>>> print(open('work-v3.txt').read())   # compact mmCIF, C-alpha atoms
# COMPACT_ATOMS: atom_id res chain seq x y z
CA MET Y 97 13.31 -10.71 -50.48
CA THR Y 98 14.10 -9.60 -54.02
CA ALA Y 99 13.91 -6.13 -55.48
CA GLU Y 100 11.11 -7.20 -57.81
CA SER Y 101 8.78 -8.01 -54.95
CA ASN Y 102 9.04 -4.55 -53.39
CA VAL Y 103 6.35 -2.88 -55.40
CA GLY Y 104 6.60 0.88 -55.25
CA VAL Y 105 10.08 1.10 -53.76
CA THR Y 106 13.24 0.83 -55.81
CA LEU Y 107 16.90 1.55 -55.25
CA GLU Y 108 16.25 4.95 -56.84
CA SER Y 109 13.52 5.85 -54.31
CA ILE Y 110 14.12 8.36 -51.57
CA CYS Y 111 12.35 7.58 -48.32
CA VAL Y 112 11.65 9.91 -45.41
CA PRO Y 113 9.78 9.46 -42.14
CA SER Y 114 6.06 9.87 -42.68
CA ASP Y 115 4.17 12.85 -41.28
CA ASP Y 116 1.95 10.35 -39.48
CA ILE Y 117 4.55 9.18 -37.00
CA VAL Y 118 6.69 10.47 -34.19
CA ALA Y 119 10.12 8.86 -33.93
CA ARG Y 120 12.47 9.50 -31.03
CA GLU Y 121 15.82 8.08 -30.11
CA ILE Y 122 15.28 6.76 -26.60
CA GLU Y 123 18.06 5.09 -24.66
CA GLY Y 124 19.81 4.00 -27.82
CA ASP Y 125 16.71 2.72 -29.61
CA ILE Y 126 14.65 4.33 -32.31
CA VAL Y 127 11.11 4.24 -30.98
CA ILE Y 128 8.25 5.05 -33.32
CA VAL Y 129 4.66 5.88 -32.47
CA PRO Y 130 2.16 6.26 -35.31
CA LEU Y 131 -0.32 9.12 -35.06
CA VAL Y 132 -3.82 7.96 -35.82
CA ALA Y 133 -6.55 10.60 -35.79
CA GLY Y 134 -4.32 12.91 -33.78
CA ILE Y 135 -3.44 10.37 -31.12
CA GLY Y 136 -0.17 8.54 -30.62
CA ASP Y 137 -1.07 5.22 -29.08
CA MET Y 138 1.97 4.26 -27.07
CA ASP Y 139 0.02 1.63 -25.24
CA ASP Y 140 -0.75 -0.42 -28.29
CA GLU Y 141 1.22 0.81 -31.25
CA LEU Y 142 4.85 1.17 -30.43
CA PHE Y 143 7.62 0.14 -32.79
CA THR Y 144 11.31 -0.16 -32.18
CA LEU Y 145 13.86 -0.78 -34.87
CA ASN Y 146 16.46 -3.48 -34.61
CA GLU Y 147 20.11 -2.80 -35.34
CA THR Y 148 19.79 -3.16 -39.10
CA GLY Y 149 16.61 -1.10 -39.19
CA GLN Y 150 18.24 1.56 -37.06
CA ALA Y 151 21.34 1.75 -39.26
CA ILE Y 152 19.16 2.21 -42.33
CA TRP Y 153 16.81 4.69 -40.63
CA GLN Y 154 19.66 6.96 -39.56
CA ARG Y 155 20.79 7.29 -43.17
CA LEU Y 156 17.41 8.32 -44.54
CA ASP Y 157 18.21 12.01 -44.76
CA GLY Y 158 15.82 12.98 -47.54
CA GLU Y 159 18.78 13.25 -49.91
CA LYS Y 160 20.18 9.75 -50.37
CA SER Y 161 18.39 7.22 -52.52
CA LEU Y 162 17.91 3.72 -51.12
CA GLY Y 163 20.71 2.53 -53.39
CA GLU Y 164 23.05 5.12 -51.92
CA VAL Y 165 22.01 4.13 -48.42
CA ALA Y 166 22.86 0.49 -49.24
CA THR Y 167 26.24 1.52 -50.65
CA SER Y 168 27.10 3.57 -47.58
CA LEU Y 169 26.14 0.65 -45.30
CA ALA Y 170 28.15 -1.81 -47.41
CA GLU Y 171 31.19 0.40 -47.07
CA GLU Y 172 30.82 0.95 -43.36
CA PHE Y 173 30.11 -2.66 -42.44
CA GLU Y 174 32.25 -4.23 -45.17
CA ALA Y 175 29.34 -6.40 -46.19
CA PRO Y 176 28.24 -7.56 -49.67
CA LEU Y 177 26.38 -4.76 -51.47
CA GLU Y 178 23.80 -7.15 -52.87
CA LYS Y 179 22.80 -8.31 -49.40
CA LEU Y 180 22.50 -4.74 -48.13
CA GLN Y 181 20.46 -3.65 -51.13
CA ALA Y 182 18.02 -6.47 -50.38
CA ASP Y 183 17.92 -5.44 -46.70
CA VAL Y 184 17.36 -1.77 -47.48
CA LEU Y 185 14.62 -2.54 -50.00
CA GLY Y 186 12.99 -4.99 -47.61
CA PHE Y 187 13.04 -2.44 -44.82
CA ALA Y 188 11.79 0.44 -46.96
CA SER Y 189 9.06 -1.68 -48.46
CA GLU Y 190 7.83 -2.84 -45.06
CA MET Y 191 7.99 0.65 -43.59
CA THR Y 192 6.19 2.29 -46.50
CA ARG Y 193 3.47 -0.36 -46.39
CA GLN Y 194 2.99 0.51 -42.73
CA ARG Y 195 3.05 4.23 -43.56
CA ILE Y 196 6.02 4.78 -41.28
CA LEU Y 197 8.11 5.89 -44.24
CA ALA Y 198 6.95 7.90 -47.22
CA ALA Y 199 8.66 7.16 -50.53
CA ARG Y 200 9.15 9.44 -53.45
CA ALA Y 201 10.66 8.73 -56.79
CA GLY Y 202 14.33 9.57 -56.91
CA ARG Y 203 16.21 11.80 -59.27
CA ALA Y 204 15.77 10.83 -62.88
CA MET P 3 -9.65 4.33 -28.68
CA PRO P 4 -8.99 4.91 -32.34
CA SER P 5 -8.47 1.80 -34.32
CA SER P 6 -5.42 1.46 -36.42
CA ALA P 7 -6.32 -1.87 -37.89
CA GLY P 8 -4.59 -2.46 -41.14
CA ARG P 9 -1.43 -0.72 -40.10
CA ARG P 10 -0.05 -3.90 -38.65
CA PRO P 11 -0.80 -6.86 -40.88
CA GLU P 12 -0.44 -10.20 -39.11
CA GLY P 13 2.24 -11.36 -41.49
CA GLU P 14 4.51 -8.50 -40.51
CA ARG P 15 4.91 -9.60 -36.94
CA GLY P 16 7.91 -11.68 -37.84
CA SER P 17 9.72 -8.68 -39.27
CA SER P 18 13.47 -8.72 -39.22
CA PHE P 19 13.68 -4.95 -38.80
CA VAL P 20 11.04 -3.94 -36.31
CA SER P 21 9.59 -5.04 -32.97
CA TYR P 22 5.93 -4.32 -32.68
CA GLY P 23 3.76 -3.89 -29.74
CA GLY P 24 2.71 -2.33 -26.52
CA GLU P 25 4.69 -4.85 -24.56
CA LEU P 26 7.69 -2.62 -25.06
CA ARG P 27 7.85 -0.61 -21.90
CA LEU P 28 9.53 2.70 -22.02
CA SER P 29 11.27 4.16 -19.02
CA ASN P 30 9.89 7.31 -17.47
CA LEU P 31 12.34 9.44 -19.44
CA GLY P 32 11.45 7.53 -22.59
CA GLN P 33 7.79 8.29 -22.02
CA LEU P 34 8.65 11.93 -21.43
CA SER P 35 10.65 12.13 -24.64
CA MET P 36 7.83 10.55 -26.64
CA LEU P 37 5.21 12.77 -25.00
CA GLU P 38 7.21 15.85 -25.91
CA GLY P 39 7.56 14.62 -29.48
CA VAL P 40 3.87 13.84 -29.85
CA THR P 41 2.52 17.01 -28.21
CA ALA P 42 4.95 19.14 -30.22
CA ARG P 43 3.07 17.85 -33.27
CA GLY P 44 -0.22 18.93 -31.71
CA ALA P 45 -1.27 15.32 -31.12
CA SER P 46 -2.34 13.48 -27.97
CA LEU P 47 -0.60 10.51 -26.42
CA HIS P 48 -2.22 7.36 -25.14
CA THR P 49 0.05 5.78 -22.54
CA THR P 50 0.09 3.64 -19.40
CA VAL P 51 0.87 5.31 -16.10
CA ARG P 52 2.50 3.55 -13.19
CA GLY P 53 2.44 4.14 -9.48
CA TYR P 54 -0.05 5.14 -6.86
CA SER P 55 0.52 8.87 -6.45
CA MET P 56 -2.91 9.68 -7.97
CA ALA P 57 -4.91 6.91 -6.29
CA PRO P 58 -7.79 6.41 -6.08
CA PHE P 59 -8.64 8.57 -9.13
CA ILE P 60 -5.88 7.29 -11.38
CA ARG P 61 -4.34 3.95 -10.51
CA ASP P 62 -1.28 1.93 -11.40
CA GLU P 63 -1.52 0.60 -14.99
CA ASP P 64 -4.36 2.91 -16.00
CA VAL P 65 -4.14 4.16 -19.57
CA VAL P 66 -4.32 7.93 -19.85
CA THR P 67 -4.78 10.19 -22.85
CA ILE P 68 -2.62 13.29 -22.56
CA ALA P 69 -3.57 16.18 -24.85
CA PRO P 70 -1.25 19.08 -25.68
CA MET P 71 -1.88 22.36 -23.83
CA LYS P 72 -1.97 24.27 -27.15
CA GLY P 73 -1.19 27.53 -25.42
CA SER P 74 -4.10 27.47 -22.99
CA PRO P 75 -3.02 27.59 -19.35
CA PRO P 76 -4.09 24.77 -17.01
CA ARG P 77 -7.07 25.24 -14.70
CA VAL P 78 -7.17 24.37 -11.03
CA GLY P 79 -8.36 20.75 -10.84
CA ASP P 80 -6.76 19.67 -14.13
CA VAL P 81 -4.57 16.58 -14.07
CA VAL P 82 -1.45 17.50 -15.98
CA ALA P 83 1.74 15.87 -17.24
CA PHE P 84 4.78 17.89 -16.27
CA VAL P 85 8.50 17.63 -15.67
CA LYS P 86 9.48 17.42 -12.02
CA ALA P 87 12.04 20.06 -11.24
CA GLU P 88 14.14 18.02 -8.84
CA CYS P 89 14.69 14.99 -11.07
CA GLY P 90 13.64 15.98 -14.58
CA LYS P 91 11.19 13.08 -14.70
CA LEU P 92 7.67 12.95 -16.05
CA ALA P 93 4.83 13.03 -13.52
CA VAL P 94 1.06 13.12 -13.89
CA HIS P 95 -0.50 15.02 -10.96
CA ARG P 96 -3.26 17.53 -10.23
CA VAL P 97 -3.09 21.33 -10.32
CA VAL P 98 -4.33 22.40 -6.89
CA ALA P 99 -3.75 26.19 -7.05
CA GLY P 100 -2.31 29.00 -9.10
CA GLU P 101 0.83 30.51 -7.56
CA GLY P 102 2.12 33.67 -9.18
CA THR P 103 3.01 32.74 -12.73
CA GLY P 104 3.18 29.03 -11.96
CA TRP P 105 0.99 26.28 -10.58
CA LEU P 106 0.99 24.36 -7.33
CA ILE P 107 0.77 20.68 -8.25
CA ARG P 108 0.17 17.68 -6.03
CA GLY P 109 -0.59 13.99 -6.47
CA ASP P 110 -4.01 13.15 -5.03
CA ASN P 111 -2.37 10.47 -2.89
CA CYS P 112 0.80 12.40 -2.00
CA PRO P 113 1.57 13.74 1.46
CA GLU P 114 3.28 16.82 0.02
CA PRO P 115 2.83 18.98 -3.08
CA ASP P 116 5.36 18.75 -5.91
CA GLY P 117 5.88 22.47 -5.54
CA VAL P 118 5.26 25.32 -7.94
CA VAL P 119 5.67 24.35 -11.58
CA ALA P 120 6.13 26.92 -14.32
CA THR P 121 3.52 26.90 -17.09
CA GLU P 122 6.11 25.96 -19.70
CA LYS P 123 7.06 22.83 -17.76
CA ILE P 124 3.50 21.54 -18.13
CA ILE P 125 3.45 19.41 -21.24
CA GLY P 126 -0.11 18.20 -21.46
CA ARG P 127 -3.47 17.73 -19.82
CA VAL P 128 -5.05 14.35 -19.06
CA VAL P 129 -8.35 14.22 -20.95
CA ALA P 130 -9.30 10.56 -20.48
CA VAL P 131 -8.46 7.63 -18.23
CA GLU P 132 -9.18 4.00 -19.01
CA ARG P 133 -9.01 1.09 -16.62
CA LYS P 134 -9.18 -2.41 -18.09
CA GLY P 135 -10.56 -0.98 -21.32
CA ARG P 136 -13.26 1.16 -19.67
CA ARG P 137 -13.38 4.90 -19.26
CA VAL P 138 -13.28 5.96 -15.62
CA ARG P 139 -13.92 9.32 -13.97
CA PHE P 140 -10.88 10.96 -12.53
CA GLY P 141 -12.27 14.33 -11.49
CA THR P 142 -12.60 16.93 -14.21
CA GLY P 143 -14.30 20.32 -14.27
CA SER P 144 -15.99 21.23 -10.99
CA ALA P 145 -15.28 17.78 -9.50
CA GLY P 146 -11.61 18.30 -10.27
CA ALA P 147 -11.73 21.75 -8.65
CA CYS P 148 -13.32 20.22 -5.52
CA ILE P 149 -10.65 17.52 -5.33
CA ALA P 150 -8.01 20.21 -5.78
CA ALA P 151 -9.50 22.30 -2.95
CA LEU P 152 -9.46 19.32 -0.58
CA SER P 153 -5.99 18.32 -1.68
CA ARG P 154 -4.68 21.85 -1.18
CA ARG P 155 -5.89 21.80 2.43
CA GLY P 156 -4.39 18.34 2.98
CA LEU P 157 -7.86 16.87 3.51
CA LEU P 158 -7.80 14.31 0.73
CA GLY P 159 -6.03 11.59 2.72
CA ARG P 160 -8.70 11.80 5.42
CA ILE P 161 -11.47 11.57 2.86
CA HIS P 162 -9.91 8.35 1.56
CA ALA P 163 -9.97 6.86 5.03
CA VAL P 164 -13.66 7.68 5.37
CA ALA P 165 -14.44 6.42 1.88
CA PHE P 166 -12.87 3.07 2.62
CA LEU P 167 -14.44 2.71 6.04
CA PRO P 168 -17.58 0.89 4.88
CA ARG P 169 -15.45 -1.72 3.12
CA ARG P 170 -13.35 -2.26 6.21
CA ALA P 171 -16.46 -2.53 8.35
CA ALA P 172 -17.96 -5.02 5.90
CA GLY P 173 -14.79 -7.13 5.98
CA PHE P 174 -14.82 -7.10 9.78
CA ALA P 175 -18.47 -8.15 9.85
CA LEU P 176 -17.86 -10.91 7.29
CA ARG P 177 -14.95 -12.34 9.25
CA HIS P 178 -17.10 -12.55 12.35
CA ALA P 179 -20.10 -13.96 10.51
CA GLN P 180 -17.89 -16.67 9.01
CA GLY P 181 -17.24 -17.95 12.51
CA LEU P 182 -20.93 -18.43 13.24
CA SER P 183 -22.47 -21.82 12.62
CA VAL P 184 -25.64 -20.19 11.32
CA TYR P 185 -23.57 -18.56 8.53
CA ARG P 186 -21.94 -21.86 7.68
CA LYS P 187 -25.24 -23.68 7.56
CA ALA P 188 -26.89 -20.96 5.48
CA GLY P 189 -23.91 -20.84 3.14
CA ARG P 190 -23.95 -24.56 2.61
CA ARG P 191 -27.72 -24.60 2.17
CA ALA P 192 -27.49 -21.81 -0.36
CA ALA P 193 -25.03 -24.16 -1.97
CA LEU P 194 -22.48 -21.63 -3.04
CA ALA P 195 -21.39 -24.28 -5.44
CA PHE P 196 -17.71 -25.00 -5.56
CA GLU P 197 -15.87 -27.71 -7.39
CA ILE P 198 -12.52 -29.26 -6.71
CA ALA P 199 -10.20 -30.20 -9.50
CA GLU P 200 -6.55 -30.94 -10.05
CA ALA P 201 -4.91 -27.66 -10.85
CA ILE P 202 -3.86 -26.81 -14.37
CA GLU P 203 -1.15 -24.24 -15.05
CA ALA P 204 -3.60 -21.33 -15.35
CA ASP P 205 -5.00 -22.24 -11.92
CA LEU P 206 -1.54 -22.24 -10.39
CA GLU P 207 -0.87 -18.82 -11.81
CA ALA P 208 -4.09 -17.62 -10.19
CA VAL P 209 -3.08 -19.23 -6.90
CA HIS P 210 0.30 -17.60 -7.12
CA ARG P 211 -1.31 -14.25 -7.71
CA LEU P 212 -3.79 -14.67 -4.86
CA TYR P 213 -1.49 -16.00 -2.21
CA ASN P 214 2.01 -15.34 -3.50
CA VAL P 215 3.00 -18.79 -2.37
CA GLN P 216 5.91 -20.71 -3.76
CA VAL P 217 4.09 -22.98 -6.13
CA PRO P 218 6.55 -24.52 -8.56
CA TYR P 219 4.59 -24.01 -11.75
CA ARG P 220 7.09 -22.16 -13.89
CA ARG P 221 10.39 -23.13 -15.40
CA SER P 222 10.06 -26.67 -14.10
CA PRO P 223 8.25 -29.63 -15.54
CA PRO P 224 5.34 -31.01 -13.51
CA ASP P 225 6.71 -32.78 -10.44
CA PRO P 226 5.37 -36.34 -10.30
CA LEU P 227 5.70 -36.26 -6.51
CA VAL P 228 3.44 -33.20 -6.17
CA THR P 229 -0.30 -32.94 -6.82
CA ASN P 230 -2.14 -29.62 -6.60
CA TRP P 231 -5.87 -29.07 -6.34
CA VAL P 232 -7.94 -25.93 -6.54
CA ALA P 233 -11.47 -25.21 -5.39
CA LYS P 234 -13.38 -23.02 -7.79
CA VAL P 235 -16.52 -20.96 -7.43
CA ASP P 236 -17.98 -19.83 -10.75
CA GLY P 237 -14.77 -20.86 -12.43
CA ARG P 238 -12.61 -18.65 -10.18
CA VAL P 239 -10.04 -20.00 -7.77
CA ALA P 240 -11.35 -19.90 -4.19
CA GLY P 241 -8.94 -22.32 -2.50
CA PHE P 242 -5.83 -24.41 -2.93
CA VAL P 243 -4.11 -27.46 -1.46
CA GLN P 244 -1.04 -29.52 -2.29
CA LEU P 245 -0.04 -33.15 -1.66
CA THR P 246 3.61 -34.15 -1.79
CA THR P 247 4.84 -37.72 -1.70
CA ARG P 248 8.58 -37.52 -1.23
CA PRO P 249 10.62 -40.61 -0.46
CA GLU P 250 11.65 -41.11 3.18
CA GLU P 251 15.23 -39.90 3.09
CA GLY P 252 15.70 -38.66 6.61
CA SER P 253 14.79 -34.98 6.15
CA GLY P 254 11.57 -35.50 8.01
CA TRP P 255 9.46 -34.38 5.05
CA GLY P 256 9.25 -37.83 3.41
CA GLY P 257 5.96 -39.66 3.00
CA HIS P 258 2.57 -38.09 2.30
CA TRP P 259 2.28 -34.42 3.34
CA LEU P 260 -0.51 -31.93 2.93
CA PHE P 261 0.77 -28.42 2.21
CA SER P 262 -0.49 -24.91 1.61
CA LEU P 263 -4.16 -25.32 2.35
CA MET P 264 -5.69 -21.94 1.64
CA VAL P 265 -9.19 -20.59 1.17
CA GLN P 266 -9.89 -17.07 -0.08
CA PRO P 267 -11.20 -15.05 2.88
CA ARG P 268 -14.62 -14.33 1.40
CA PHE P 269 -15.26 -18.02 0.71
CA ARG P 270 -14.44 -19.21 4.18
CA GLY P 271 -16.99 -21.00 6.33
CA LEU P 272 -18.52 -22.83 3.39
CA GLY P 273 -16.73 -26.15 3.73
CA ILE P 274 -14.13 -25.53 1.02
CA GLY P 275 -11.17 -26.15 3.35
CA GLU P 276 -12.69 -29.38 4.57
CA ALA P 277 -13.42 -30.58 1.04
CA LEU P 278 -9.85 -29.80 -0.07
CA THR P 279 -8.42 -31.64 2.95
CA ARG P 280 -10.64 -34.65 2.30
CA GLN P 281 -9.44 -34.66 -1.30
CA VAL P 282 -5.85 -35.03 -0.10
CA VAL P 283 -6.84 -37.72 2.41
CA ASP P 284 -8.71 -39.69 -0.25
CA ARG P 285 -5.84 -39.52 -2.71
CA SER P 286 -3.38 -40.62 -0.02
CA VAL P 287 -5.58 -43.56 0.93
CA ALA P 288 -5.89 -44.50 -2.73
CA GLY P 289 -2.13 -44.33 -3.02
CA GLY P 290 -1.75 -46.79 -0.14
CA ALA P 291 -0.14 -44.29 2.24
CA PRO P 292 -0.03 -45.43 5.88
CA ASP P 293 -0.51 -41.87 7.12
CA LEU P 294 -0.77 -38.23 6.08
CA ARG P 295 1.01 -35.37 7.80
CA LEU P 296 0.86 -31.60 7.70
CA ALA P 297 2.50 -28.64 9.38
CA VAL P 298 0.39 -25.78 10.70
CA PHE P 299 1.13 -22.64 12.70
CA GLU P 300 0.32 -23.35 16.32
CA ASP P 301 -1.73 -20.14 16.53
CA ASN P 302 -3.88 -21.02 13.50
CA PHE P 303 -6.69 -22.31 15.67
CA GLY P 304 -9.28 -22.46 12.89
CA ALA P 305 -7.13 -24.75 10.77
CA ILE P 306 -6.10 -26.89 13.75
CA ALA P 307 -9.76 -27.36 14.68
CA LEU P 308 -10.57 -28.41 11.11
CA TYR P 309 -7.71 -30.90 10.99
CA ALA P 310 -8.65 -32.30 14.42
CA LYS P 311 -12.21 -32.77 13.21
CA LEU P 312 -10.89 -34.71 10.23
CA GLY P 313 -8.86 -37.07 12.44
CA PHE P 314 -5.45 -35.40 12.61
CA ASP P 315 -3.57 -35.47 15.92
CA ARG P 316 -0.60 -33.43 17.00
CA VAL P 317 2.67 -35.36 16.80
CA THR P 318 6.34 -34.53 17.16
CA VAL P 319 8.74 -35.23 14.30
CA GLU P 320 12.08 -34.94 16.08
CA VAL P 321 14.15 -34.21 13.00
CA LEU P 322 11.95 -31.22 12.13
CA GLU P 323 11.93 -29.65 15.59
CA PRO P 324 15.20 -27.69 15.35
CA GLY P 325 13.94 -26.05 12.14
CA PHE P 326 10.64 -25.08 13.77
CA VAL P 327 12.43 -23.64 16.80
CA ARG P 328 14.72 -21.61 14.55
CA GLU P 329 11.74 -20.43 12.52
CA LYS P 330 10.01 -19.23 15.68
CA ALA P 331 13.11 -17.29 16.69
CA GLU P 332 13.20 -15.63 13.29
CA THR P 333 9.53 -15.03 12.60
CA GLY P 334 7.82 -15.27 15.97
CA ARG P 335 5.56 -18.07 14.76
CA ARG P 336 6.00 -21.78 15.39
CA ARG P 337 4.71 -24.62 13.34
CA ILE P 338 3.55 -27.96 14.66
CA VAL P 339 2.99 -31.26 12.87
CA MET P 340 -0.33 -33.08 12.77
CA ARG P 341 -0.77 -36.61 11.53
CA ARG P 342 -3.65 -38.77 10.53
CA ASP P 343 -3.43 -42.54 10.54
CA LEU P 344 -5.06 -43.59 7.28
CA GLY P 345 -6.12 -46.93 8.67
CA ARG P 346 -8.95 -45.06 10.40
CA ASN P 347 -12.12 -43.74 8.83
CA VAL P 348 -13.39 -40.37 9.99
>>> encode(input="work-v3.txt", output="structure tokens")
Amino acid sequence: MTAESNVGVTLESICVPSDDIVAREIEGDIVIVPLVAGIGDMDDELFTLNETGQAIWQRLDGEKSLGEVATSLAEEFEAPLEKLQADVLGFASEMTRQRILAARAGRA
Amino acid sequence: MPSSAGRRPEGERGSSFVSYGGELRLSNLGQLSMLEGVTARGASLHTTVRGYSMAPFIRDEDVVTIAPMKGSPPRVGDVVAFVKAECGKLAVHRVVAGEGTGWLIRGDNCPEPDGVVATEKIIGRVVAVERKGRRVRFGTGSAGACIAALSRRGLLGRIHAVAFLPRRAAGFALRHAQGLSVYRKAGRRAALAFEIAEAIEADLEAVHRLYNVQVPYRRSPPDPLVTNWVAKVDGRVAGFVQLTTRPEEGSGWGGHWLFSLMVQPRFRGLGIGEALTRQVVDRSVAGGAPDLRLAVFEDNFGAIALYAKLGFDRVTVEVLEPGFVREKAETGRRRIVMRRDLGRNV
């Protein structure tokens, strides 16, 4: 996935968990339940993040931009920055589309 | 149930970051953690409960909606989600009495109460129960208070026994009626239509569920030496039989054997067992088999009578005898072999 295809989310964006979800770390997994009309439907609508998703999620502190998240992952995992930027943008774009993450424009 | 269509577009299912779906089963402590998270936000949680401690009002695999307490104390009769003091686990049981500042809680199907639970350990109140997609009553309001009163006095178990009595009596009557020729004749005249067909995988799963027999339908390709048939009434499995045609290699089980003839209890007496047996006989004849054998428990008089009627006689297969003797020592039941010469017409 390329940066251009992720409409609405850029490396400058800052993403935070949406108010419409509850996320808990359960037995080593990040488990997410969306709240729809005041009900969390654990029977039908449960999400868990994979390792990459989890690593990104844990760095979304409301301060770092997506670009900074990618840089921090690249340093920690000694992986190519370009690949991680694509991963982070892909993740953020998917999660914002699903209203699990809320994005806001980053610092100018 | 609120719809959240649109949140999960089809194309996203193959995501490389997220697993979707209710098939993810959280542990009890996982459920507890999520329930605490959701109720802390003032929202309700829709989740599957497991176990039988609230039967018959809430059953294993029912889906409950747990609403936050929002500061209002529980009432006697409410079904509540709380943390069990002795193990820290989540439980969903009924408030049967107020005790000082806490609440005496007990599962409707439990021999003993859980003990007194402090108000702050009660996380939420069950406000709805669904079973197979349908809302069911689980005792709320005055009904809940009545159930609680009975439960508190330890009377609920006895009520269950009385409630199930008619079903037991009906089953007893049916079993006896099935033995009467008038029932058989009426049943056949009423033509409770059944059909016999070679079993497909879905049928074998149903058979497995009904009888818990070892039918090799999973993780192995179809065995060319085994043929399975099912009898169906209104499309539902009512009976099963298996033909195996192993080569004669000295084990005693070579040749044509009929195995696992079974008919669902409520469909007995209608000729299904006979039709299934004849199916196996016909296939064996068509396959040029000289004879057909089967093993049956020597105390299964109904089956033995059926097989005798269809031309099977008791025989001894020496090589199998030690196994049968050992089986009797271990289980108390002995099998015998019956054989039909396929040169004869019955």
>>> interface_residues(input="work-v3.txt", of="chain Y", to="chain P", cutoff="7 Å", atoms="only C-alpha atoms", output="list in words")
Val118, Arg120, Ile122, Val132, Gly134, Ile135, Gly136, Asp137, Met138, Asp139, Asp140, Glu141, Leu142, Phe143, Thr144, Leu145, Asn146, Thr148, Gly149, Phe187 and Gln194 of chain Y
>>> atom_distance(input="work-v3.txt", atom1="CA of Asp116 (chain Y)", atom2="CA of Thr192 (chain Y)")
11.5 Å
>>> atom_distance(input="work-v3.txt", atom1="CA of Val98 (chain P)", atom2="CA of Gly143 (chain P)")
12.6 Å
>>> closest_residue(input="work-v3.txt", among="Y:Ala151, Y:Leu156, Y:Ala188, Y:Ile110", to="Ala170 (chain Y)", atoms="only C-alpha atoms")
Y:Ala151
>>> atom_distance(input="work-v3.txt", atom1="CA of Gly90 (chain P)", atom2="CA of Gly73 (chain P)")
21.7 Å
>>> closest_residue(input="work-v3.txt", among="P:Asn302, P:Ser74, P:Asn30, P:Gln244", to="Lys86 (chain P)", atoms="all atoms listed in the file")
P:Asn30
>>> residues_around(input="work-v3.txt", residues="Ile117 (chain Y)", least_positions_apart="3", cutoff="6 Å", atoms="only C-alpha atoms", output="ChimeraX atom specification")
/Y:114,129-131
>>> axis_aligned_box(input="work-v3.txt", around="region 45-64 of chain P", padding_each_side="4 Å", output="lines of an AutoDock Vina configuration file")
center_x = -3.1
center_y = 8.0
center_z = -18.6
size_x = 19.1
size_y = 22.7
size_z = 33.0
